[in-house]
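Beneath this line is the structure, given in structure tokens, with notes to follow.
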Amino acid sequence: MFRLSIISFFIFSLLLSFSHAEKVKVFEFTNSELENLKVRKVRGAKAKTEYSVGKNENGSFLKAIANNSASGLGKEMKIDLNKTPFLNITWKVEKDIKGIDETSKKGHDYAARVFVVKKTGATPLSNKAMNYVFSSNEKTNSHWTGPYRKQIIDYVASSLVDSKENSWVTVKLNVKEHFKKFLDLDLGEIDGVAIMTDTDNTKQKAVSYYKNIYFSN
């Protein structure tokens with residue numbers, strides 16, 4: 001009887017934890033979604049990054065190939081950071097961009113990055129953003145003010161300094177905490193999320209993959 005009560009208690013606790021778990025998926029990574037995402041080519045870039053979707057035994061993913069090119073895929077959506085403050089990303093870099101200074105304008109390229117955006121004015125230039133990057137050269141958790149705009153913080157979520165090329169890496173980032181700490185914004189919600197793989201500054205080639213991008217508590 002005592003054992004039965006203990007088992008029942010653990011089952012109840014497990015169900016309770018699941019009932020309080022929240023998850024907001026950002027991207028589906030389907031062909032139909034890809035056709036409807038906002039594409040923004042970076043000013044001055046000679047070409048757009050090539051994006052395509054694929055699927056394996058672990059689900060759908062997005063493949064990005066940048067060859068002296070730069071463009072992002074964005075989605076406007078409200079995310080309640082009081083309920084789901086954590087951004088979860090699974091990604092890998094197949095071909096990286098080593099030997100560059102990512103903190104400078106000339107070297108400001110990343111094989112993979114995910115922007116989280118908050119509208120703070122009438123124009124896109126007034127927006128503030130956390131730019132979560134998969135760095136080829138800087139250590140994980142390094143961060144600095146973006147060389148093009150002081151309203152954007154580059155934050156190294158993953159790095160090839162401490163992970164292997166062509167290996168899937170999963171990260172969980174406290175977006176609410178980061179906006180407060182680095183941009184002095186105590187946010188209740190954000191307004192959009194974007195993906196970008198770019199090599200327009202370094203004129204190199206990068207290949208990366210993205211999957212399972214969602215917010216959670």
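Residue numbering restarts at 1 in every chain; chains get A, B, ... in the order shown in the structure tokens, and ligands count up from 1 in that same order.
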
Nearby residues (only C-alpha atoms) at most 10 Å from stretch 131-148 of chain A, same-chain spacing under 6 positions excluded, as a PyMOL selection string:
chain A and resi 87+89+91-93+95-117+154-163+165+169+173+175+182-183+193-197+208

From the DSSP assignment of the backbone, select every residue of stretch 11-125 of chain A that is strand (DSSP E or B), and format the answer as JSON, numbers by chain.
{"A": [23, 24, 25, 38, 39, 40, 41, 50, 51, 52, 53, 54, 55, 56, 59, 60, 61, 62, 63, 64, 65, 66, 67, 70, 71, 72, 73, 74, 75, 76, 77, 78, 79, 80, 86, 87, 88, 89, 90, 91, 92, 93, 94, 95, 110, 112, 113, 114, 115, 116, 117, 118]}

Extract the full set of helix (DSSP H, G or I) residues from chain A according to DSSP on the backbone, and format it as an MDAnalysis selection string.
chainID A and resid 2:20 31:36 124:126 175:183

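Residues in contact with A:Glu189 at 7 Å, where only C-alpha atoms are counted and same-chain residues fewer than 2 positions away are skipped, are listed as Lys78, Ile79, Asp80, Leu81, Leu187 and Asp191 of chain A.
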
Given the selection you just returned, output its residues as a file containing all heavy atoms, formatted as a PDB file, in the first residue's frame.
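Final output, saved to again_32.pdb:
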ATOM      1  N   LYS A  78       4.521  37.686 -31.612  1.00  0.00           N
ATOM      2  CA  LYS A  78       4.613  38.119 -30.222  1.00  0.00           C
ATOM      3  C   LYS A  78       4.910  36.905 -29.345  1.00  0.00           C
ATOM      4  O   LYS A  78       4.218  35.894 -29.426  1.00  0.00           O
ATOM      5  CB  LYS A  78       3.298  38.761 -29.769  1.00  0.00           C
ATOM      6  CG  LYS A  78       2.860  39.971 -30.590  1.00  0.00           C
ATOM      7  CD  LYS A  78       3.708  41.191 -30.306  1.00  0.00           C
ATOM      8  CE  LYS A  78       3.133  42.416 -31.016  1.00  0.00           C
ATOM      9  NZ  LYS A  78       3.974  43.619 -30.792  1.00  0.00           N
ATOM     10  N   ILE A  79       5.943  37.016 -28.532  1.00  0.00           N
ATOM     11  CA  ILE A  79       6.297  35.969 -27.586  1.00  0.00           C
ATOM     12  C   ILE A  79       6.249  36.560 -26.187  1.00  0.00           C
ATOM     13  O   ILE A  79       6.912  37.560 -25.897  1.00  0.00           O
ATOM     14  CB  ILE A  79       7.697  35.404 -27.847  1.00  0.00           C
ATOM     15  CG1 ILE A  79       7.812  34.823 -29.261  1.00  0.00           C
ATOM     16  CG2 ILE A  79       8.067  34.367 -26.800  1.00  0.00           C
ATOM     17  CD1 ILE A  79       7.000  33.575 -29.492  1.00  0.00           C
ATOM     18  N   ASP A  80       5.437  35.965 -25.314  1.00  0.00           N
ATOM     19  CA  ASP A  80       5.314  36.420 -23.934  1.00  0.00           C
ATOM     20  C   ASP A  80       6.508  35.909 -23.133  1.00  0.00           C
ATOM     21  O   ASP A  80       6.577  34.726 -22.793  1.00  0.00           O
ATOM     22  CB  ASP A  80       4.001  35.904 -23.336  1.00  0.00           C
ATOM     23  CG  ASP A  80       3.712  36.483 -21.953  1.00  0.00           C
ATOM     24  OD1 ASP A  80       4.657  36.977 -21.302  1.00  0.00           O
ATOM     25  OD2 ASP A  80       2.539  36.432 -21.515  1.00  0.00           O
ATOM     26  N   LEU A  81       7.444  36.817 -22.830  1.00  0.00           N
ATOM     27  CA  LEU A  81       8.646  36.409 -22.122  1.00  0.00           C
ATOM     28  C   LEU A  81       8.420  36.139 -20.649  1.00  0.00           C
ATOM     29  O   LEU A  81       9.276  35.542 -19.985  1.00  0.00           O
ATOM     30  CB  LEU A  81       9.738  37.478 -22.287  1.00  0.00           C
ATOM     31  CG  LEU A  81      10.256  37.694 -23.709  1.00  0.00           C
ATOM     32  CD1 LEU A  81      11.365  38.738 -23.702  1.00  0.00           C
ATOM     33  CD2 LEU A  81      10.752  36.401 -24.332  1.00  0.00           C
ATOM     34  N   LEU A 187      11.560  43.508 -20.611  1.00  0.00           N
ATOM     35  CA  LEU A 187      10.522  43.196 -21.594  1.00  0.00           C
ATOM     36  C   LEU A 187       9.474  42.221 -21.087  1.00  0.00           C
ATOM     37  O   LEU A 187       9.787  41.267 -20.379  1.00  0.00           O
ATOM     38  CB  LEU A 187      11.151  42.593 -22.853  1.00  0.00           C
ATOM     39  CG  LEU A 187      12.089  43.489 -23.676  1.00  0.00           C
ATOM     40  CD1 LEU A 187      12.521  42.755 -24.925  1.00  0.00           C
ATOM     41  CD2 LEU A 187      11.417  44.798 -24.033  1.00  0.00           C
ATOM     42  N   ASP A 191       8.912  40.946 -30.491  1.00  0.00           N
ATOM     43  CA  ASP A 191       8.056  41.145 -31.655  1.00  0.00           C
ATOM     44  C   ASP A 191       8.423  40.318 -32.877  1.00  0.00           C
ATOM     45  O   ASP A 191       7.688  40.310 -33.861  1.00  0.00           O
ATOM     46  CB  ASP A 191       8.071  42.628 -32.055  1.00  0.00           C
ATOM     47  CG  ASP A 191       7.547  43.519 -30.946  1.00  0.00           C
ATOM     48  OD1 ASP A 191       6.393  43.325 -30.533  1.00  0.00           O
ATOM     49  OD2 ASP A 191       8.295  44.400 -30.476  1.00  0.00           O
TER      50      ASP A 191
END

Atom pair atom CA of A:Ile153 / atom CA of A:Phe179: separation (Å):
9.0 Å

Near-stretch 22-26 of chain A list (6 Å; only C-alpha atoms; drop same-chain fewer than 2 positions) as a PyMOL selection string
chain A and resi 213-217

Excluding A:Thr199 and residues on its chain fewer than 6 positions from it, collect all residues at most 6 Å away from it, counting only C-alpha atoms, and give them as an MDAnalysis selection string.
chainID A and resid 66 68:69 109

Please produce a file of those selected residues containing C-alpha atoms, as a short mmCIF file (atom, residue, chain, number, x, y, z; two decimals), in the first residue's frame.
data_model
loop_
_atom_site.label_atom_id
_atom_site.label_comp_id
_atom_site.auth_asym_id
_atom_site.auth_seq_id
_atom_site.Cartn_x
_atom_site.Cartn_y
_atom_site.Cartn_z
CA ALA A 66 26.08 31.63 -48.02
CA ASN A 68 29.67 35.94 -50.55
CA SER A 69 26.01 36.55 -49.80
CA ASP A 109 29.80 37.26 -40.63
#

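For the pair atom CA of A:Phe86 and atom CA of A:Lys172, the interatomic distance is 6.2 Å.
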
Excluding A:Leu37 and its own-chain neighbours fewer than 2 positions away, which residues fall within 10 Å of it when counting only C-alpha atoms? Please give them as an mmCIF file with N, CA and C atoms, in the first residue's frame.
data_model
loop_
_atom_site.group_PDB
_atom_site.id
_atom_site.type_symbol
_atom_site.label_atom_id
_atom_site.label_comp_id
_atom_site.auth_asym_id
_atom_site.auth_seq_id
_atom_site.Cartn_x
_atom_site.Cartn_y
_atom_site.Cartn_z
ATOM 1 N N PHE A 27 9.529 28.191 -35.810
ATOM 2 C CA PHE A 27 9.565 27.793 -37.219
ATOM 3 C C PHE A 27 9.159 26.330 -37.383
ATOM 4 N N SER A 32 6.154 25.277 -47.543
ATOM 5 C CA SER A 32 5.118 26.307 -47.547
ATOM 6 C C SER A 32 5.479 27.461 -46.619
ATOM 7 N N GLU A 33 6.070 27.148 -45.459
ATOM 8 C CA GLU A 33 6.492 28.212 -44.549
ATOM 9 C C GLU A 33 7.612 29.026 -45.177
ATOM 10 N N LEU A 34 8.564 28.345 -45.810
ATOM 11 C CA LEU A 34 9.702 29.025 -46.417
ATOM 12 C C LEU A 34 9.244 30.039 -47.464
ATOM 13 N N GLU A 35 8.190 29.696 -48.207
ATOM 14 C CA GLU A 35 7.664 30.599 -49.225
ATOM 15 C C GLU A 35 7.035 31.848 -48.623
ATOM 16 N N VAL A 39 11.840 37.699 -46.429
ATOM 17 C CA VAL A 39 13.249 37.604 -46.810
ATOM 18 C C VAL A 39 13.815 39.014 -46.916
ATOM 19 N N ARG A 40 14.896 39.264 -46.223
ATOM 20 C CA ARG A 40 15.525 40.585 -46.277
ATOM 21 C C ARG A 40 16.983 40.433 -46.669
ATOM 22 N N GLY A 72 18.340 37.341 -44.663
ATOM 23 C CA GLY A 72 17.735 36.694 -43.510
ATOM 24 C C GLY A 72 16.306 36.288 -43.765
ATOM 25 N N LEU A 73 15.825 35.358 -42.961
ATOM 26 C CA LEU A 73 14.425 34.915 -43.001
ATOM 27 C C LEU A 73 13.795 35.290 -41.671
ATOM 28 N N GLY A 74 12.717 36.082 -41.718
ATOM 29 C CA GLY A 74 12.124 36.564 -40.486
ATOM 30 C C GLY A 74 10.658 36.253 -40.340
ATOM 31 N N LYS A 75 10.211 36.266 -39.099
ATOM 32 C CA LYS A 75 8.811 36.039 -38.789
ATOM 33 C C LYS A 75 8.403 36.994 -37.670
ATOM 34 N N GLU A 76 7.376 37.815 -37.938
ATOM 35 C CA GLU A 76 6.846 38.684 -36.895
ATOM 36 C C GLU A 76 5.919 37.869 -36.011
ATOM 37 N N ALA A 194 14.346 36.095 -36.353
ATOM 38 C CA ALA A 194 14.900 35.941 -37.699
ATOM 39 C C ALA A 194 16.129 35.050 -37.674
#
